[in-house]
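Read through the structure below, which is laid out as structure tokens, and then see the notes.
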Amino acid sequence: MNTSVLLAIAALFATSCLVRILPVFVTLDLSDATRRILERVLPTAVFINFAVYVLYSEAAKAPLAATVALALVAGIAVATRLGLIITAVLGSACYYLSQTWFAG
């Protein structure tokens with residue numbers, strides 16, 4: 001693995017720890033409404049950061065495939081409630097297929 005991949009993995013790991021693990025040990029006095037908003041917004045923000053990084057890093061190699069895949073992921077995320085894992089899998093499959101079809 002090259003340095004940028006390792007850096008991306010480390011950044012995503014640290015962000016995930018801040019969002020998922022740290023709140024277990026640090027108690028913040030938040031209202032229920034604020035807590036619900038944060039529980040919904042923070043994981044989505046992590047996923048959006050991940051998607052933007054993937055687009056940024058892959059667009060140099062296959063710009064058309066990366067754009068099509070990210071547009072699909074954005075459309076699925078806005079139009080449905082499939083969840084982040086299924087959306088990421090569909091976007092990855094779209095990227096792979098687009099790269100294969102457009103390169104060949």
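Chain lettering (A, B, ...) mirrors the order of the structure tokens, residue numbering begins at 1 for each chain separately, and ligand numbering begins at 1 in order of display.
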Region 47-75 of chain A near region 79-97 of chain A within 10 Å: what's each residue's closest atom pair and its distance in Å to one decimal, counting only C-alpha atoms, ordered by chain then ascending residue number, as CSV?
residue,atom,partner,partner_atom,distance
A:Phe47,CA,A:Leu84,CA,7.6
A:Ala51,CA,A:Ala88,CA,8.7
A:Glu58,CA,A:Tyr95,CA,9.5
A:Ala62,CA,A:Tyr95,CA,9.0
A:Leu64,CA,A:Tyr95,CA,9.0
A:Ala65,CA,A:Tyr95,CA,5.2
A:Ala66,CA,A:Tyr95,CA,5.9
A:Thr67,CA,A:Tyr95,CA,8.5
A:Val68,CA,A:Tyr95,CA,7.2
A:Ala69,CA,A:Tyr95,CA,5.0
A:Leu70,CA,A:Gly91,CA,6.6
A:Ala71,CA,A:Gly91,CA,8.6
A:Leu72,CA,A:Gly91,CA,6.3
A:Val73,CA,A:Gly91,CA,5.3
A:Ala74,CA,A:Ala79,CA,8.5
A:Gly75,CA,A:Ala79,CA,5.9
TODO: Extract the full set of helix (DSSP H, G or I) residues from chain A according to DSSP on the backbone, and format it as an MDAnalysis selection string.
DONE: chainID A and resid 3:25 32:59 63:79 84:103
TODO: Would you mind reading off the distance between CA of Pro43 (chain A) and CA of Gln99 (chain A), one decimal, in Å?
DONE: 28.3 Å
Open item on the list: List as a PyMOL selection string the protein and nucleic acid residues near Glu39 (chain A), meaning an atom at most 12 Å away when only C-alpha atoms are counted, but skip any in the same chain fewer than 6 places from it.
Closed with: chain A and resi 19-20+23+30+32-33+45-46
